[in-house]
>>> print(open('data_8.cif').read())   # mmCIF, C-alpha atoms
data_my_file
#
loop_
_atom_site.label_atom_id
_atom_site.label_comp_id
_atom_site.auth_asym_id
_atom_site.auth_seq_id
_atom_site.Cartn_x
_atom_site.Cartn_y
_atom_site.Cartn_z
CA MET L 1496 -23.33 22.72 -16.47
CA GLU L 1497 -20.14 23.37 -14.52
CA PRO L 1498 -17.12 21.88 -16.33
CA LEU L 1499 -15.79 20.17 -13.22
CA LEU L 1500 -19.17 18.66 -12.41
CA ALA L 1501 -19.60 17.51 -16.00
CA ALA L 1502 -16.16 15.95 -15.97
CA ALA L 1503 -16.84 14.21 -12.66
CA LEU L 1504 -20.13 12.83 -13.87
CA SER L 1505 -18.73 11.53 -17.11
CA ILE L 1506 -15.44 10.17 -15.82
CA ASN L 1507 -15.98 6.51 -15.06
CA GLN L 1508 -12.43 6.42 -13.81
CA LEU L 1509 -13.74 7.47 -10.40
CA TRP L 1510 -14.94 3.89 -10.03
CA TYR L 1511 -11.31 2.80 -9.90
CA ALA L 1512 -11.13 4.47 -6.49
CA VAL L 1513 -13.63 1.97 -5.03
CA PRO L 1514 -11.32 -1.08 -4.81
CA LEU L 1515 -8.55 1.19 -3.52
CA ILE L 1516 -10.77 2.57 -0.76
CA VAL L 1517 -11.87 -0.96 0.20
CA ALA L 1518 -8.32 -2.32 0.27
CA VAL L 1519 -6.87 0.63 2.19
CA SER L 1520 -9.71 0.57 4.74
CA LEU L 1521 -9.42 -3.16 5.37
CA VAL L 1522 -5.62 -3.22 5.63
CA TYR L 1523 -5.45 -0.15 7.89
CA ALA L 1524 -8.19 -1.51 10.16
CA ALA L 1525 -6.40 -4.86 10.28
CA THR L 1526 -3.29 -3.13 11.61
CA ARG L 1527 -5.33 -1.67 14.48
CA HIS L 1528 -7.21 -4.78 15.61
CA GLU L 1529 -6.80 -8.52 15.85
CA GLU L 1530 -10.35 -9.88 15.73
CA MET L 1531 -12.33 -9.87 12.48
CA GLY L 1532 -15.38 -8.14 13.97
CA PRO L 1533 -13.60 -4.96 15.07
CA ILE L 1534 -11.53 -5.02 11.87
CA LEU L 1535 -14.61 -4.94 9.65
CA HIS L 1536 -16.33 -2.37 11.86
CA HIS L 1537 -13.32 -0.07 11.79
CA ALA L 1538 -12.87 -0.62 8.04
CA VAL L 1539 -16.42 0.55 7.34
CA HIS L 1540 -15.80 3.60 9.51
CA ILE L 1541 -12.59 4.45 7.66
CA GLY L 1542 -14.17 3.86 4.24
CA VAL L 1543 -17.04 6.19 5.01
CA TRP L 1544 -14.59 8.78 6.28
CA ILE L 1545 -12.50 8.59 3.11
CA VAL L 1546 -15.52 8.93 0.82
CA GLY L 1547 -16.82 11.81 2.90
CA PHE L 1548 -13.47 13.57 2.76
CA MET L 1549 -13.34 13.16 -1.02
CA ALA L 1550 -16.87 14.55 -1.30
CA VAL L 1551 -15.97 17.60 0.78
CA VAL L 1552 -12.87 18.29 -1.32
CA PHE L 1553 -14.94 17.88 -4.49
CA ALA L 1554 -17.50 20.37 -3.20
CA ILE L 1555 -14.78 22.87 -2.36
CA LEU L 1556 -13.21 22.54 -5.81
CA LEU L 1557 -16.62 22.87 -7.44
CA ALA L 1558 -17.31 26.05 -5.48
CA MET L 1559 -13.91 27.45 -6.38
CA GLY L 1560 -14.50 26.67 -10.06
CA TRP L 1561 -17.85 28.42 -9.94
CA TRP L 1562 -16.31 31.41 -8.16
CA VAL L 1563 -13.48 31.71 -10.68
CA SER L 1564 -15.74 31.39 -13.72
CA SER L 1565 -18.42 33.78 -12.47
CA MET Q 1443 12.95 -17.68 27.41
CA SER Q 1444 9.35 -16.66 26.63
CA GLU Q 1445 8.33 -15.85 23.05
CA PRO Q 1446 7.61 -12.23 22.13
CA SER Q 1447 3.94 -11.50 22.53
CA LYS Q 1448 1.56 -8.59 22.72
CA LYS Q 1449 -1.40 -8.16 25.06
CA VAL Q 1450 -4.53 -6.80 23.46
CA PRO Q 1451 -7.39 -4.98 25.22
CA SER Q 1452 -9.70 -7.98 24.75
CA GLU Q 1453 -7.31 -10.05 26.95
CA LYS Q 1454 -6.19 -12.09 23.95
CA THR Q 1455 -2.42 -12.41 23.68
CA VAL Q 1456 -0.87 -12.33 20.22
CA LEU Q 1457 2.17 -14.57 19.93
CA LEU Q 1458 4.65 -12.91 17.60
CA LYS Q 1459 7.16 -15.82 17.60
CA ASP Q 1460 10.27 -14.52 15.81
CA PRO Q 1461 9.22 -10.93 14.88
CA VAL Q 1462 12.13 -10.34 12.51
CA LEU Q 1463 11.49 -13.53 10.56
CA ALA Q 1464 7.76 -12.77 10.51
CA ALA Q 1465 8.44 -9.27 9.17
CA PHE Q 1466 10.73 -10.65 6.46
CA LEU Q 1467 8.16 -13.25 5.42
CA ALA Q 1468 5.46 -10.57 5.37
CA TRP Q 1469 7.62 -8.44 3.09
CA LEU Q 1470 8.32 -11.42 0.86
CA VAL Q 1471 4.67 -12.38 0.37
CA PRO Q 1472 1.77 -10.37 1.89
CA GLY Q 1473 0.25 -12.39 4.70
CA LEU Q 1474 2.99 -15.02 4.89
CA GLY Q 1475 4.44 -13.55 8.07
CA HIS Q 1476 1.02 -13.61 9.74
CA LEU Q 1477 0.49 -17.19 8.60
CA TYR Q 1478 3.81 -18.08 10.26
CA GLN Q 1479 2.53 -16.51 13.48
CA GLY Q 1480 -0.74 -18.41 13.29
CA ARG Q 1481 -2.82 -15.29 12.63
CA THR Q 1482 -4.60 -16.99 9.75
CA GLY Q 1483 -7.54 -14.59 9.37
CA LYS Q 1484 -5.34 -11.54 8.98
CA ALA Q 1485 -2.98 -13.51 6.74
CA ILE Q 1486 -5.80 -14.22 4.32
CA LEU Q 1487 -7.04 -10.64 4.52
CA PHE Q 1488 -3.63 -9.12 3.78
CA PHE Q 1489 -2.95 -11.64 1.02
CA ILE Q 1490 -6.22 -10.94 -0.79
CA CYS Q 1491 -6.30 -7.15 -0.33
CA ILE Q 1492 -2.64 -6.32 -0.94
CA LEU Q 1493 -1.81 -8.87 -3.60
CA GLY Q 1494 -5.16 -8.27 -5.27
CA THR Q 1495 -4.49 -4.54 -5.49
CA PHE Q 1496 -1.01 -5.23 -6.90
CA ALA Q 1497 -2.31 -7.75 -9.42
CA TYR Q 1498 -5.03 -5.38 -10.59
CA GLY Q 1499 -2.44 -2.66 -11.05
CA CYS Q 1500 -0.33 -5.04 -13.13
CA TYR Q 1501 -3.39 -5.87 -15.23
CA LEU Q 1502 -4.19 -2.18 -15.83
CA GLY Q 1503 -0.56 -1.40 -16.65
CA GLY Q 1504 -0.06 -3.77 -19.54
CA ASP Q 1505 -1.59 -6.03 -22.11
CA ALA Q 1506 -0.77 -8.97 -24.34
CA LYS Q 1507 0.77 -6.74 -27.01
CA ILE Q 1508 3.28 -4.77 -24.95
CA GLY Q 1509 3.61 -7.23 -22.08
CA TRP Q 1510 1.95 -7.31 -18.69
CA ALA Q 1511 2.86 -5.24 -15.62
CA ARG Q 1512 4.86 -2.71 -17.64
CA VAL Q 1513 4.24 -0.17 -14.83
CA VAL Q 1514 6.40 -2.17 -12.41
CA TYR Q 1515 10.00 -1.78 -13.53
CA PHE Q 1516 13.32 -0.55 -12.17
CA GLN Q 1517 15.26 2.11 -14.00
CA TRP Q 1518 17.54 4.74 -12.53
CA ASP Q 1519 19.26 7.08 -14.94
CA GLU Q 1520 19.00 10.64 -16.18
CA GLU Q 1521 16.32 9.75 -18.71
CA ASP Q 1522 14.00 7.92 -16.34
CA MET Q 1523 14.28 7.74 -12.56
CA ARG Q 1524 11.49 5.35 -11.73
CA LEU Q 1525 10.58 6.71 -8.28
CA PRO Q 1526 7.32 4.71 -7.99
CA PHE Q 1527 9.45 1.57 -7.75
CA LEU Q 1528 10.57 2.75 -4.31
CA CYS Q 1529 6.95 2.24 -3.20
CA GLN Q 1530 6.33 -0.87 -5.28
CA MET Q 1531 9.31 -2.64 -3.72
CA GLY Q 1532 7.30 -2.78 -0.49
CA MET Q 1533 6.19 -6.03 -2.07
CA GLY Q 1534 9.19 -8.35 -2.06
CA LEU Q 1535 8.73 -11.43 -4.21
CA PRO Q 1536 6.14 -9.99 -6.64
CA THR Q 1537 8.60 -7.26 -7.73
CA LEU Q 1538 11.58 -9.61 -8.10
CA PRO Q 1539 10.96 -10.07 -11.87
CA ALA Q 1540 11.41 -6.32 -12.31
CA VAL Q 1541 14.86 -6.52 -10.74
CA VAL Q 1542 15.80 -9.45 -12.99
CA GLN Q 1543 14.58 -7.60 -16.09
CA ALA Q 1544 16.45 -4.44 -15.09
CA TYR Q 1545 19.67 -6.43 -14.65
CA ARG Q 1546 19.29 -7.97 -18.09
CA ALA Q 1547 18.51 -4.59 -19.68
CA GLY Q 1548 21.57 -3.07 -18.00
CA HIS Q 1549 23.76 -5.76 -19.55
CA GLY Q 1550 22.33 -5.43 -23.06
CA ARG Q 1551 20.17 -8.55 -22.96
CA GLU Q 1552 16.62 -8.86 -24.20
CA PRO Q 1553 13.84 -9.08 -21.62
CA LEU Q 1554 12.32 -12.38 -20.56
CA TRP Q 1555 8.77 -13.61 -20.10
CA GLY Q 1556 7.17 -11.59 -22.89
CA GLN Q 1557 8.54 -8.32 -21.44
CA PHE Q 1558 6.78 -8.88 -18.12
CA MET Q 1559 7.94 -6.04 -15.80
CA ALA Q 1560 10.58 -5.08 -18.38
CA PRO Q 1561 11.92 -1.52 -18.30
CA PRO Q 1562 11.09 0.54 -21.39
CA ARG Q 1563 13.74 0.96 -24.03
CA ARG Q 1564 15.63 4.22 -23.75
CA ALA Q 1565 14.67 6.56 -26.57
CA GLY Q 1566 18.24 7.34 -27.56
CA GLY Q 1567 19.92 4.21 -26.31
CA ALA Q 1568 21.32 1.25 -28.17
CA LEU Q 1569 19.11 -1.70 -28.83
CA PRO Q 1570 20.06 -5.06 -27.45
CA ALA Q 1571 21.51 -7.39 -30.05
CA PRO Q 1572 18.71 -9.39 -31.68
CA ARG Q 1573 18.81 -13.11 -31.47
CA PRO Q 1574 20.04 -14.78 -34.67
CA ALA Q 1575 16.71 -16.50 -35.28
CA ARG Q 1576 14.86 -13.17 -35.62
CA ASN Q 1577 15.56 -10.22 -37.88
CA ALA Q 1578 16.40 -6.76 -36.58
CA GLU Q 1579 12.94 -5.40 -37.45
CA GLY Q 1580 11.28 -8.03 -35.31
CA ALA Q 1581 13.50 -7.24 -32.36
CA LEU Q 1582 12.95 -3.50 -32.79
CA ALA Q 1583 9.17 -3.89 -32.93
CA GLU Q 1584 9.16 -5.68 -29.57
CA GLN Q 1585 11.01 -2.91 -27.70
CA TRP Q 1586 8.83 -0.12 -26.42
CA THR Q 1587 9.96 3.27 -25.17
CA LEU Q 1588 8.33 5.06 -22.24
CA ASP Q 1589 6.49 7.35 -24.64
CA ASP Q 1590 5.16 4.32 -26.48
CA LEU Q 1591 3.88 2.85 -23.24
CA HIS Q 1592 2.14 6.09 -22.25
CA PHE Q 1593 0.58 6.43 -25.71
CA HIS Q 1594 -0.56 2.82 -25.81
CA LEU Q 1595 -1.92 2.58 -22.27
CA ARG Q 1596 -3.14 6.17 -21.98
CA PRO Q 1597 -4.52 6.82 -18.44
CA TYR Q 1598 -4.09 3.18 -17.45
CA PHE Q 1599 -0.33 3.60 -17.19
CA GLU Q 1600 -0.81 6.04 -14.31
CA LEU Q 1601 -3.69 4.04 -12.85
CA GLY Q 1602 -1.62 0.86 -12.84
CA THR Q 1603 1.27 2.74 -11.29
CA VAL Q 1604 -0.95 4.10 -8.52
CA PHE Q 1605 -2.46 0.71 -7.73
CA THR Q 1606 0.91 -1.03 -7.51
CA MET Q 1607 2.41 1.80 -5.44
CA ILE Q 1608 -0.44 1.67 -2.94
CA ALA Q 1609 -0.12 -2.11 -2.70
CA GLY Q 1610 3.55 -1.75 -1.87
CA LEU Q 1611 2.88 0.88 0.78
CA LEU Q 1612 0.07 -1.19 2.32
CA ASN Q 1613 2.47 -4.10 2.60
CA VAL Q 1614 4.78 -1.90 4.66
CA LEU Q 1615 1.92 -1.59 7.18
CA ALA Q 1616 1.47 -5.35 7.10
CA VAL Q 1617 5.19 -5.88 7.70
CA TYR Q 1618 5.05 -3.66 10.78
CA ASP Q 1619 1.95 -5.52 12.00
CA ALA Q 1620 3.82 -8.80 11.69
CA TRP Q 1621 6.83 -7.40 13.53
CA GLY Q 1622 5.11 -5.57 16.36
CA GLY Q 1623 1.49 -6.72 16.45
CA PRO Q 1624 -1.57 -4.49 16.05
CA VAL Q 1625 -1.34 -0.85 17.04
CA PHE Q 1626 -4.02 -0.18 19.62
CA ALA Q 1627 -5.13 3.26 20.65
CA GLU Q 1628 -4.38 3.72 24.34
CA PRO Q 1629 -7.61 4.45 26.30
CA ALA Q 1630 -7.76 7.88 27.86
CA PRO Q 1631 -6.94 7.85 31.58
CA ALA Q 1632 -9.98 8.12 33.84
CA PRO Q 1633 -10.40 11.71 35.15
CA LYS Q 1634 -9.75 12.12 38.88
CA ASP Q 1635 -12.83 13.19 40.86
CA ALA Q 1636 -12.50 16.31 43.05
CA LYS Q 1637 -14.09 14.34 45.95
CA ASP Q 1638 -11.43 11.65 45.71
CA GLU Q 1639 -8.69 14.28 45.89
CA ASP Q 1640 -10.26 15.78 49.07
CA ASP Q 1641 -10.45 12.31 50.67
CA GLN Q 1642 -6.78 11.71 49.90
CA ASP Q 1643 -5.85 15.04 51.51
CA LEU Q 1644 -7.78 14.15 54.69
CA GLU Q 1645 -6.07 10.75 54.89
CA ALA Q 1646 -2.65 12.35 54.47
CA GLU Q 1647 -3.56 14.83 57.25
CA ALA Q 1648 -4.65 12.07 59.65
CA GLU Q 1649 -1.43 10.13 59.12
CA ARG Q 1650 0.78 13.12 59.90
CA PRO Q 1651 2.26 12.79 63.42
CA ALA Q 1652 0.80 15.34 65.89
CA THR Q 1653 3.28 17.97 67.13
CA GLY Q 1654 3.04 18.70 70.88
CA SER Q 1655 3.98 21.90 72.70
#
>>> encode(input="data_8.cif", output="structure tokens")
Amino acid sequence: MEPLLAAALSINQLWYAVPLIVAVSLVYAATRHEEMGPILHHAVHIGVWIVGFMAVVFAILLAMGWWVSS
Amino acid sequence: MSEPSKKVPSEKTVLLKDPVLAAFLAWLVPGLGHLYQGRTGKAILFFICILGTFAYGCYLGGDAKIGWARVVYFQWDEEDMRLPFLCQMGMGLPTLPAVVQAYRAGHGREPLWGQFMAPPRRAGGALPAPRPARNAEGALAEQWTLDDLHFHLRPYFELGTVFTMIAGLLNVLAVYDAWGGPVFAEPAPAPKDAKDEDDQDLEAEAERPATGS
């Protein structure tokens, strides 16, 4: 198994990113809107974007690790 | 004189009252500035999210043995320039104990409140004078260096630092929101139709006075 993938799967510390993502998404969305509905809608959008960005970076690093070790 | 306000796209006007006072209150306690402005929903949201993140970082960065919130402290010397405090001080009142503890440490006094937000003891520095009721060994055992904190907390020292830094930076956003209202994205201007431009040219032509020979 790839070392980076094994480390990612076994590191429970990634779960510490969840409350950070929630807090950052809510606070940033709250600075862009005034009503609760748009705030929550925008916060979900930002949260999904952050998780997606992290996943893309992880995939790139995984590919680079595979390329270097091959 | 009308109060400062901001018009939002949904036609609702946000009354900012005294923006400077609101910004100061928001820096002091997350959400307090918004509560002053009557924006109760956002006040509660900022209070829970920002203060909750900060409190969780303080919980990760300490324990009952070494003291809580050991990741929030102020120290500025060659041995330890605590740069994260520049971000953490985005929270006003919650970081005030760190300033008090740093002042006491700088004047050779022992930390208060079970070393809550106390700066670590310098590795080569002099120990503060122990109180007469306790022996020197007891006083020495209660003072932790930065290496001791890292060894004891392991990755949670950095995790607690990150959480408290992010909370401070998020509060800077909340302070700006209290001062200037929400930042709305301006809608893109409607594109001009080519037919409308031709009609305008014809109207301009018709209005031009006729020149006679």
>>> resolve_selection(input="data_8.cif", expression="the PyMOL selection byres ((chain L and resi 1508-1515) around 10)", output="list in words")
Ala1503, Leu1504, Ser1505, Ile1506, Asn1507, Ile1516, Val1517, Ala1518, Val1519, Ser1520, Leu1521, Gly1542 and Val1546 of chain L; Cys1491, Ile1492, Gly1494, Thr1495, Tyr1498, Pro1597, Tyr1598, Leu1601, Val1604, Phe1605, Ile1608 and Ala1609 of chain Q
>>> resolve_selection(input="data_8.cif", expression="the PyMOL selection byres ((chain L) within 7 of (chain Q))", output="list in words")
Ala1518, Val1522, Ala1525, Thr1526, Arg1527, His1528 and Glu1529 of chain L
>>> residues_around(input="data_8.cif", residues="region 1540-1551 of chain Q", least_positions_apart="6", cutoff="6 Å", atoms="all atoms listed in the file", output="number ranges by chain")
Q: 1515-1516, 1559-1560, 1570
>>> atom_distance(input="data_8.cif", atom1="CA of Gly1602 (chain Q)", atom2="CA of Gly1504 (chain Q)")
8.3 Å
>>> atom_distance(input="data_8.cif", atom1="CA of Tyr1478 (chain Q)", atom2="CA of Ala1464 (chain Q)")
6.6 Å
>>> residues_around(input="data_8.cif", residues="Gly1610 (chain Q)", least_positions_apart="5", cutoff="7 Å", atoms="only C-alpha atoms", output="PyMOL selection string")
chain Q and resi 1529-1533
>>> atom_distance(input="data_8.cif", atom1="CA of Met1607 (chain Q)", atom2="CA of Trp1544 (chain L)")
21.8 Å
>>> residues_around(input="data_8.cif", residues="Tyr1501 (chain Q)", least_positions_apart="5", cutoff="10 Å", atoms="only C-alpha atoms", output="list in words")
Thr1495, Phe1496, Ala1506, Gly1509, Trp1510, Ala1511, Arg1512, Val1513, Tyr1598 and Gly1602 of chain Q
>>> closest_residue(input="data_8.cif", among="Q:Val1614, Q:Arg1524, Q:Gly1499, Q:His1594", to="Pro1472 (chain Q)", atoms="all atoms listed in the file")
Q:Val1614
>>> resolve_selection(input="data_8.cif", expression="the PyMOL selection byres ((chain Q and resi 1590) around 12)", output="ChimeraX atom specification")
/Q:1504,1507-1508,1512,1562-1565,1583-1589,1591-1596,1599
>>> write_last_selection(input="data_8.cif", atoms="C-alpha atoms", output="mmCIF file, keeping the file's coordinate frame")
data_model
loop_
_atom_site.group_PDB
_atom_site.id
_atom_site.type_symbol
_atom_site.label_atom_id
_atom_site.label_comp_id
_atom_site.auth_asym_id
_atom_site.auth_seq_id
_atom_site.Cartn_x
_atom_site.Cartn_y
_atom_site.Cartn_z
ATOM 1 C CA GLY Q 1504 -0.060 -3.770 -19.540
ATOM 2 C CA LYS Q 1507 0.770 -6.740 -27.010
ATOM 3 C CA ILE Q 1508 3.280 -4.770 -24.950
ATOM 4 C CA ARG Q 1512 4.860 -2.710 -17.640
ATOM 5 C CA PRO Q 1562 11.090 0.540 -21.390
ATOM 6 C CA ARG Q 1563 13.740 0.960 -24.030
ATOM 7 C CA ARG Q 1564 15.630 4.220 -23.750
ATOM 8 C CA ALA Q 1565 14.670 6.560 -26.570
ATOM 9 C CA ALA Q 1583 9.170 -3.890 -32.930
ATOM 10 C CA GLU Q 1584 9.160 -5.680 -29.570
ATOM 11 C CA GLN Q 1585 11.010 -2.910 -27.700
ATOM 12 C CA TRP Q 1586 8.830 -0.120 -26.420
ATOM 13 C CA THR Q 1587 9.960 3.270 -25.170
ATOM 14 C CA LEU Q 1588 8.330 5.060 -22.240
ATOM 15 C CA ASP Q 1589 6.490 7.350 -24.640
ATOM 16 C CA LEU Q 1591 3.880 2.850 -23.240
ATOM 17 C CA HIS Q 1592 2.140 6.090 -22.250
ATOM 18 C CA PHE Q 1593 0.580 6.430 -25.710
ATOM 19 C CA HIS Q 1594 -0.560 2.820 -25.810
ATOM 20 C CA LEU Q 1595 -1.920 2.580 -22.270
ATOM 21 C CA ARG Q 1596 -3.140 6.170 -21.980
ATOM 22 C CA PHE Q 1599 -0.330 3.600 -17.190
#
